[in-house]
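Visitor: Got query-v8.pdb for you, PDB, C-alpha atoms, pLDDT in the B column:
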```pdb
ATOM      1  CA  MET A  21     262.678  47.493  34.529  1.00 84.00           C
ATOM      2  CA  GLU A  22     261.978  43.757  34.349  1.00 94.00           C
ATOM      3  CA  GLY A  23     262.743  41.042  36.881  1.00 97.00           C
ATOM      4  CA  ARG A  24     262.072  37.338  37.237  1.00 97.00           C
ATOM      5  CA  VAL A  25     259.677  36.236  39.973  1.00 97.00           C
ATOM      6  CA  SER A  26     259.477  32.662  41.224  1.00 95.00           C
ATOM      7  CA  SER A  27     256.304  33.120  43.285  1.00 95.00           C
ATOM      8  CA  VAL A  28     254.415  35.442  45.601  1.00 95.00           C
ATOM      9  CA  GLN A  29     252.718  35.011  48.957  1.00 92.00           C
ATOM     10  CA  SER A  30     249.918  37.480  49.627  1.00 89.00           C
ATOM     11  CA  MET A  31     249.635  37.024  53.412  1.00 86.00           C
ATOM     12  CA  GLY A  32     253.117  36.396  54.823  1.00 88.00           C
ATOM     13  CA  ALA A  33     253.340  36.646  58.610  1.00 88.00           C
ATOM     14  CA  VAL A  34     257.013  35.854  59.311  1.00 87.00           C
ATOM     15  CA  ASP A  35     258.891  37.965  56.762  1.00 88.00           C
ATOM     16  CA  GLY A  36     258.943  41.330  58.504  1.00 90.00           C
ATOM     17  CA  PRO A  37     256.601  43.440  60.619  1.00 91.00           C
ATOM     18  CA  GLY A  38     252.854  42.970  60.266  1.00 92.00           C
ATOM     19  CA  LEU A  39     251.271  41.091  57.379  1.00 94.00           C
ATOM     20  CA  ARG A  40     253.461  41.058  54.275  1.00 96.00           C
ATOM     21  CA  TYR A  41     253.104  40.607  50.556  1.00 96.00           C
ATOM     22  CA  VAL A  42     256.199  38.471  49.868  1.00 96.00           C
ATOM     23  CA  VAL A  43     257.889  38.314  46.466  1.00 97.00           C
ATOM     24  CA  PHE A  44     260.273  35.400  45.880  1.00 96.00           C
ATOM     25  CA  LEU A  45     262.738  36.244  43.117  1.00 97.00           C
ATOM     26  CA  GLN A  46     264.646  33.883  40.863  1.00 97.00           C
ATOM     27  CA  GLY A  47     268.380  33.362  41.091  1.00 96.00           C
ATOM     28  CA  CYS A  48     270.810  32.487  43.867  1.00 95.00           C
ATOM     29  CA  PRO A  49     274.596  32.074  43.793  1.00 94.00           C
ATOM     30  CA  LEU A  50     274.534  29.920  46.951  1.00 94.00           C
ATOM     31  CA  ARG A  51     273.810  26.207  47.025  1.00 94.00           C
ATOM     32  CA  CYS A  52     272.788  25.728  50.637  1.00 90.00           C
ATOM     33  CA  ALA A  53     272.488  22.104  51.685  1.00 89.00           C
ATOM     34  CA  TYR A  54     269.197  22.912  53.465  1.00 87.00           C
ATOM     35  CA  CYS A  55     267.711  25.374  50.930  1.00 87.00           C
ATOM     36  CA  HIS A  56     263.969  25.961  51.366  1.00 85.00           C
ATOM     37  CA  ASN A  57     263.535  27.285  47.805  1.00 86.00           C
ATOM     38  CA  PRO A  58     265.859  25.383  45.408  1.00 91.00           C
ATOM     39  CA  GLU A  59     263.428  26.114  42.577  1.00 92.00           C
ATOM     40  CA  THR A  60     264.635  29.714  42.757  1.00 91.00           C
ATOM     41  CA  TRP A  61     268.295  28.948  42.015  1.00 93.00           C
ATOM     42  CA  ASP A  62     268.004  29.303  38.227  1.00 93.00           C
ATOM     43  CA  LEU A  63     268.050  32.996  37.289  1.00 89.00           C
ATOM     44  CA  THR A  64     266.250  32.224  34.006  1.00 93.00           C
ATOM     45  CA  GLY A  65     263.273  30.506  35.664  1.00 93.00           C
ATOM     46  CA  GLY A  66     260.085  32.028  36.998  1.00 95.00           C
ATOM     47  CA  THR A  67     257.873  34.656  35.402  1.00 97.00           C
ATOM     48  CA  PRO A  68     259.048  37.994  34.035  1.00 97.00           C
ATOM     49  CA  TYR A  69     257.426  41.089  35.569  1.00 97.00           C
ATOM     50  CA  THR A  70     258.071  44.770  35.207  1.00 98.00           C
ATOM     51  CA  ALA A  71     258.487  46.646  38.471  1.00 98.00           C
ATOM     52  CA  GLU A  72     255.514  48.787  37.473  1.00 98.00           C
ATOM     53  CA  ASP A  73     253.202  45.805  36.872  1.00 98.00           C
ATOM     54  CA  LEU A  74     254.269  44.053  40.073  1.00 98.00           C
ATOM     55  CA  CYS A  75     253.705  47.254  42.043  1.00 98.00           C
ATOM     56  CA  LYS A  76     250.182  47.551  40.575  1.00 98.00           C
ATOM     57  CA  THR A  77     249.451  43.956  41.603  1.00 97.00           C
ATOM     58  CA  ILE A  78     250.782  44.555  45.117  1.00 97.00           C
ATOM     59  CA  LEU A  79     248.640  47.686  45.531  1.00 97.00           C
ATOM     60  CA  ARG A  80     245.509  45.551  45.096  1.00 96.00           C
ATOM     61  CA  TYR A  81     246.514  43.702  48.307  1.00 95.00           C
ATOM     62  CA  ARG A  82     247.174  46.817  50.371  1.00 95.00           C
ATOM     63  CA  PRO A  83     243.885  46.478  52.320  1.00 94.00           C
ATOM     64  CA  TYR A  84     245.240  43.175  53.687  1.00 92.00           C
ATOM     65  CA  PHE A  85     248.639  44.386  54.886  1.00 90.00           C
ATOM     66  CA  GLY A  86     247.554  47.973  55.588  1.00 87.00           C
ATOM     67  CA  GLU A  87     249.717  50.481  57.444  1.00 87.00           C
ATOM     68  CA  ASN A  88     251.392  47.962  59.793  1.00 91.00           C
ATOM     69  CA  GLY A  89     252.625  45.531  57.131  1.00 95.00           C
ATOM     70  CA  GLY A  90     254.235  45.918  53.767  1.00 97.00           C
ATOM     71  CA  VAL A  91     256.234  44.117  51.114  1.00 97.00           C
ATOM     72  CA  THR A  92     259.198  41.788  51.536  1.00 97.00           C
ATOM     73  CA  VAL A  93     261.384  40.721  48.622  1.00 98.00           C
ATOM     74  CA  SER A  94     263.099  37.385  49.156  1.00 95.00           C
ATOM     75  CA  GLY A  95     264.404  34.644  46.946  1.00 91.00           C
ATOM     76  CA  GLY A  96     266.585  33.027  45.852  1.00 91.00           C
ATOM     77  CA  GLU A  97     268.851  35.981  46.437  1.00 96.00           C
ATOM     78  CA  PRO A  98     267.176  39.318  45.664  1.00 97.00           C
ATOM     79  CA  LEU A  99     270.526  41.085  45.349  1.00 97.00           C
ATOM     80  CA  LEU A 100     271.076  39.225  42.057  1.00 96.00           C
ATOM     81  CA  GLN A 101     268.376  41.487  40.597  1.00 97.00           C
ATOM     82  CA  PRO A 102     269.328  44.789  42.265  1.00 97.00           C
ATOM     83  CA  GLU A 103     268.009  47.172  39.628  1.00 98.00           C
ATOM     84  CA  PHE A 104     264.606  45.479  39.651  1.00 98.00           C
ATOM     85  CA  VAL A 105     264.365  45.424  43.465  1.00 98.00           C
ATOM     86  CA  ALA A 106     265.484  49.062  43.715  1.00 98.00           C
ATOM     87  CA  GLU A 107     262.865  50.133  41.172  1.00 98.00           C
ATOM     88  CA  LEU A 108     260.111  48.095  42.839  1.00 98.00           C
ATOM     89  CA  PHE A 109     260.983  49.474  46.290  1.00 98.00           C
ATOM     90  CA  ARG A 110     261.151  53.027  44.910  1.00 98.00           C
ATOM     91  CA  ARG A 111     257.655  52.640  43.465  1.00 98.00           C
ATOM     92  CA  LEU A 112     256.335  51.128  46.710  1.00 98.00           C
ATOM     93  CA  HIS A 113     257.761  54.058  48.690  1.00 97.00           C
ATOM     94  CA  GLU A 114     255.783  56.409  46.428  1.00 97.00           C
ATOM     95  CA  HIS A 115     252.722  54.751  48.008  1.00 97.00           C
ATOM     96  CA  ASN A 116     254.198  54.834  51.544  1.00 96.00           C
ATOM     97  CA  ILE A 117     254.517  51.046  51.679  1.00 97.00           C
ATOM     98  CA  HIS A 118     257.096  49.550  54.072  1.00 97.00           C
ATOM     99  CA  THR A 119     259.817  47.554  52.284  1.00 97.00           C
ATOM    100  CA  ALA A 120     261.909  44.699  53.640  1.00 97.00           C
ATOM    101  CA  LEU A 121     264.759  42.872  51.947  1.00 97.00           C
ATOM    102  CA  ASP A 122     265.207  39.210  52.961  1.00 96.00           C
ATOM    103  CA  THR A 123     268.738  38.374  51.831  1.00 95.00           C
ATOM    104  CA  ALA A 124     271.905  36.466  52.530  1.00 94.00           C
ATOM    105  CA  GLY A 125     273.817  39.523  51.307  1.00 94.00           C
ATOM    106  CA  ALA A 126     275.283  37.422  48.499  1.00 94.00           C
ATOM    107  CA  GLY A 127     275.134  40.040  45.736  1.00 90.00           C
ATOM    108  CA  ASP A 128     277.508  42.671  44.415  1.00 93.00           C
ATOM    109  CA  LEU A 129     277.925  45.141  47.287  1.00 93.00           C
ATOM    110  CA  SER A 130     278.362  48.167  45.021  1.00 93.00           C
ATOM    111  CA  ARG A 131     275.018  47.376  43.378  1.00 95.00           C
ATOM    112  CA  ALA A 132     273.371  46.587  46.731  1.00 96.00           C
ATOM    113  CA  LYS A 133     273.625  50.263  47.678  1.00 96.00           C
ATOM    114  CA  GLN A 134     270.934  51.202  45.160  1.00 96.00           C
ATOM    115  CA  VAL A 135     268.562  48.674  46.746  1.00 98.00           C
ATOM    116  CA  LEU A 136     269.321  49.799  50.287  1.00 97.00           C
ATOM    117  CA  LYS A 137     268.471  53.418  49.389  1.00 97.00           C
ATOM    118  CA  HIS A 138     264.843  52.263  49.103  1.00 98.00           C
ATOM    119  CA  THR A 139     264.822  49.640  51.886  1.00 98.00           C
ATOM    120  CA  ASP A 140     263.189  50.125  55.292  1.00 97.00           C
ATOM    121  CA  LEU A 141     264.371  46.863  56.886  1.00 97.00           C
ATOM    122  CA  VAL A 142     266.952  44.212  56.024  1.00 97.00           C
ATOM    123  CA  LEU A 143     266.393  40.645  57.192  1.00 95.00           C
ATOM    124  CA  CYS A 144     269.842  39.110  56.856  1.00 92.00           C
ATOM    125  CA  ASP A 145     270.089  35.347  56.757  1.00 89.00           C
ATOM    126  CA  ILE A 146     273.436  34.268  58.204  1.00 89.00           C
ATOM    127  CA  LYS A 147     273.862  30.703  57.022  1.00 89.00           C
ATOM    128  CA  PHE A 148     276.698  29.469  59.276  1.00 89.00           C
ATOM    129  CA  PRO A 149     278.912  31.028  61.984  1.00 90.00           C
ATOM    130  CA  THR A 150     282.293  30.194  60.432  1.00 92.00           C
ATOM    131  CA  GLU A 151     283.861  30.814  57.037  1.00 93.00           C
ATOM    132  CA  ALA A 152     284.717  27.109  56.648  1.00 95.00           C
ATOM    133  CA  GLN A 153     281.138  25.975  57.363  1.00 93.00           C
ATOM    134  CA  TYR A 154     279.724  28.675  55.108  1.00 90.00           C
ATOM    135  CA  LYS A 155     281.915  27.562  52.215  1.00 93.00           C
ATOM    136  CA  ALA A 156     281.354  23.841  52.807  1.00 94.00           C
ATOM    137  CA  HIS A 157     277.564  23.964  53.183  1.00 94.00           C
ATOM    138  CA  CYS A 158     276.590  26.918  50.977  1.00 93.00           C
ATOM    139  CA  GLY A 159     279.471  27.591  48.633  1.00 93.00           C
ATOM    140  CA  GLY A 160     279.483  31.206  49.797  1.00 92.00           C
ATOM    141  CA  SER A 161     281.401  33.526  52.080  1.00 93.00           C
ATOM    142  CA  LEU A 162     280.541  34.550  55.617  1.00 94.00           C
ATOM    143  CA  GLN A 163     282.871  37.547  55.232  1.00 94.00           C
ATOM    144  CA  HIS A 164     280.858  38.753  52.241  1.00 94.00           C
ATOM    145  CA  THR A 165     277.670  38.594  54.342  1.00 94.00           C
ATOM    146  CA  VAL A 166     279.400  40.468  57.168  1.00 95.00           C
ATOM    147  CA  ASP A 167     280.535  43.110  54.663  1.00 95.00           C
ATOM    148  CA  PHE A 168     276.936  43.437  53.468  1.00 95.00           C
ATOM    149  CA  MET A 169     275.723  43.859  57.060  1.00 94.00           C
ATOM    150  CA  ARG A 170     278.331  46.572  57.613  1.00 95.00           C
ATOM    151  CA  LEU A 171     277.136  48.346  54.453  1.00 96.00           C
ATOM    152  CA  THR A 172     273.558  48.114  55.740  1.00 96.00           C
ATOM    153  CA  GLU A 173     274.643  49.527  59.092  1.00 95.00           C
ATOM    154  CA  SER A 174     276.600  52.358  57.459  1.00 96.00           C
ATOM    155  CA  MET A 175     273.467  53.346  55.515  1.00 96.00           C
ATOM    156  CA  HIS A 176     271.447  53.311  58.776  1.00 96.00           C
ATOM    157  CA  ILE A 177     269.031  50.611  57.603  1.00 96.00           C
ATOM    158  CA  PRO A 178     267.573  48.549  60.477  1.00 95.00           C
ATOM    159  CA  LEU A 179     268.969  45.026  60.388  1.00 91.00           C
ATOM    160  CA  GLY A 180     267.328  41.892  61.722  1.00 80.00           C
ATOM    161  CA  ALA A 181     267.293  38.147  61.300  1.00 65.00           C
ATOM    162  CA  PRO A 182     264.421  36.366  59.556  1.00 63.00           C
ATOM    163  CA  ARG A 183     262.011  35.118  62.230  1.00 56.00           C
ATOM    164  CA  ARG A 184     261.649  31.718  60.618  1.00 48.00           C
ATOM    165  CA  ARG A 185     265.360  31.058  61.170  1.00 40.00           C
ATOM    166  CA  ALA A 186     266.268  33.636  63.803  1.00 38.00           C
ATOM    167  CA  GLN A 187     269.679  33.209  65.350  1.00 38.00           C
ATOM    168  CA  SER A 188     272.107  35.251  67.383  1.00 36.00           C
ATOM    169  CA  PHE A 189     275.259  36.408  65.685  1.00 37.00           C
ATOM    170  CA  ARG A 190     277.824  39.014  66.543  1.00 38.00           C
ATOM    171  CA  TYR A 191     279.952  40.359  63.708  1.00 40.00           C
ATOM    172  CA  GLY A 192     281.680  43.342  65.350  1.00 41.00           C
TER     173      GLY A 192
END
```
Using C-alpha cells, write down the structure that the file contains.

Guide:
Amino acid sequence: MEGRVSSVQSMGAVDGPGLRYVVFLQGCPLRCAYCHNPETWDLTGGTPYTAEDLCKTILRYRPYFGENGGVTVSGGEPLLQPEFVAELFRRLHEHNIHTALDTAGAGDLSRAKQVLKHTDLVLCDIKFPTEAQYKAHCGGSLQHTVDFMRLTESMHIPLGAPRRRAQSFRYG
C-alpha cells in the first residue's frame, strides 16, 4: 500500500501523548483561511512511501518516543488516504506502538471506519462552531465533522482536540 507524505517530524510534543513521530500526509479537501500546512493540499505532491517502508523508518525512532509516545498521522487530511493510514497503523500495532489520527474528519466516513479500527486516539480539529462559518472559512461542513466524531465515539476510540489549537466544543 502506497501513500503520499508531505513531511515528517521525529520529535513532536503536541500531537498526542508523549513524544511523537508525526507524519504529515498530502491532500486536503478543505481550504482553511488560516491553514498551517497549505503545501499539503495537493494530493499529488509529497513523496510516495509504502506503509511497510514508512513503518520501518518509524521503528528506527522508537527509542526516542518509547512506550509513552507513539505515532501521529496528520496532514493535510489523513482521511483522504484511508487505506494507507489503516495499513500503516495496523503495522505499527504489530509493534505495540500507540497511534493517533489528527484529522478534521473531512474524509469519506465509510472508509474512515477502516482507519479507526487501528487508531488509539483521534485528535479532531473542529475548525469553526457554526455551519455557516465552517463553509465560509474552510469550504467544508461542520455537520460532517460532527458525524465523524459520532462515528469515533460509536467505535469507542478516545477523542480529543489537538493541543496546539485546543478548544471546547459540545456536539451532543

Visitor: Give me, please, the distance in Å between atom CA of A:Arg170 and atom CA of A:Tyr54, quoted to one decimal.

Guide: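 These atoms are spaced 25.7 Å apart.
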
Visitor: Go through the shown structure with the PyMOL selection byres ((chain A and resi 168) around 9) and write out the matching residues as an MDAnalysis selection string.

Guide: chainID A and resid 124:127 129 132 144 163:167 169:173

Visitor: Using only C-alpha atoms, which residues sit within 12 Å of A:Ser30 once same-chain residues fewer than 4 positions away are excluded, as a list in words?

Guide: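 Residues near the query, excluding close chain neighbours: Asp35, Leu39, Arg40, Tyr41, Val42, Val43, Phe44, Thr77, Ile78, Leu79, Arg80, Tyr81, Arg82, Pro83, Tyr84, Phe85, Gly89, Gly90, Val91, Thr92 and Val93 of chain A.
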
Visitor: Tell me, in Å to one decimal, how far atom CA of A:Ile177 is from atom CA of A:Val135.

Guide: 11.0 Å

Visitor: How would you write, as a ChimeraX atom specification, the residues chosen by the PyMOL selection byres ((chain A and resi 48) around 9) on this structure?

Guide: /A:45-47,49-51,58,60-63,95-100,126-127

Visitor: What does the distance between atom CA of A:Val34 and atom CA of A:Gln134 come to in Å, to one decimal place?

Guide: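 Separation between atom CA of A:Val34 and atom CA of A:Gln134: 25.1 Å.
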
Visitor: Under the rule that only C-alpha atoms are counted, which of A:Phe104, A:Lys137, A:Ala53, A:Gly66 is the nearest residue to A:Val28?

Guide: A:Gly66

Visitor: Would you list the residues near (259.0, 33.7, 34.9) (no more than 8 Å away, in the coordinates of the file, using all atoms listed in the file) as a PyMOL selection string?

Guide: chain A and resi 24-26+64-69

Visitor: Choose the residue, out of A:Phe148, A:Leu136, A:Asp128, A:Glu72, that has the smallest atom-to-atom separation from A:Arg111; count all atoms listed in the file.

Guide: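 For A:Arg111, the nearest of the candidates is A:Glu72.
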
Visitor: Could you check the closest approach to A:Ile146 for each of A:Glu103, A:Glu87, A:Asp122, A:Asp73 and tell me which residue wins, using all atoms listed in the file?

Guide: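 Closest to A:Ile146, using all atoms listed in the file: A:Asp122.
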
Visitor: Could you check which of A:Gln101, A:Gln29, A:Gly86, A:Asp145 is closest to A:Asn116, using all atoms listed in the file?

Guide: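 The closest residue to A:Asn116 is A:Gly86.
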
Visitor: Please list as a PyMOL selection string every residue within 8 Å of A:Leu143, counting all atoms listed in the file and excluding residues in the same chain fewer than 2 positions away.

Guide: chain A and resi 35-36+120-123+141+145+179-182

Visitor: Restricted to C-alpha atoms, what would the selected residues look like written as a tab-separated table (two decimals), in the coordinates of the input?

Guide:
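Below is the file result-v9.tsv, written as the result:
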```tsv
chain	number	residue	atom	x	y	z
A	35	ASP	CA	258.89	37.97	56.76
A	36	GLY	CA	258.94	41.33	58.50
A	120	ALA	CA	261.91	44.70	53.64
A	121	LEU	CA	264.76	42.87	51.95
A	122	ASP	CA	265.21	39.21	52.96
A	123	THR	CA	268.74	38.37	51.83
A	141	LEU	CA	264.37	46.86	56.89
A	145	ASP	CA	270.09	35.35	56.76
A	179	LEU	CA	268.97	45.03	60.39
A	180	GLY	CA	267.33	41.89	61.72
A	181	ALA	CA	267.29	38.15	61.30
A	182	PRO	CA	264.42	36.37	59.56
```

Visitor: Given the file above and the PyMOL selection byres ((chain A and resi 107) around 10), which residues are selected, and can you give them as number ranges by chain?

Guide: A: 21-22, 70-72, 75, 102-106, 108-113, 134-135, 138
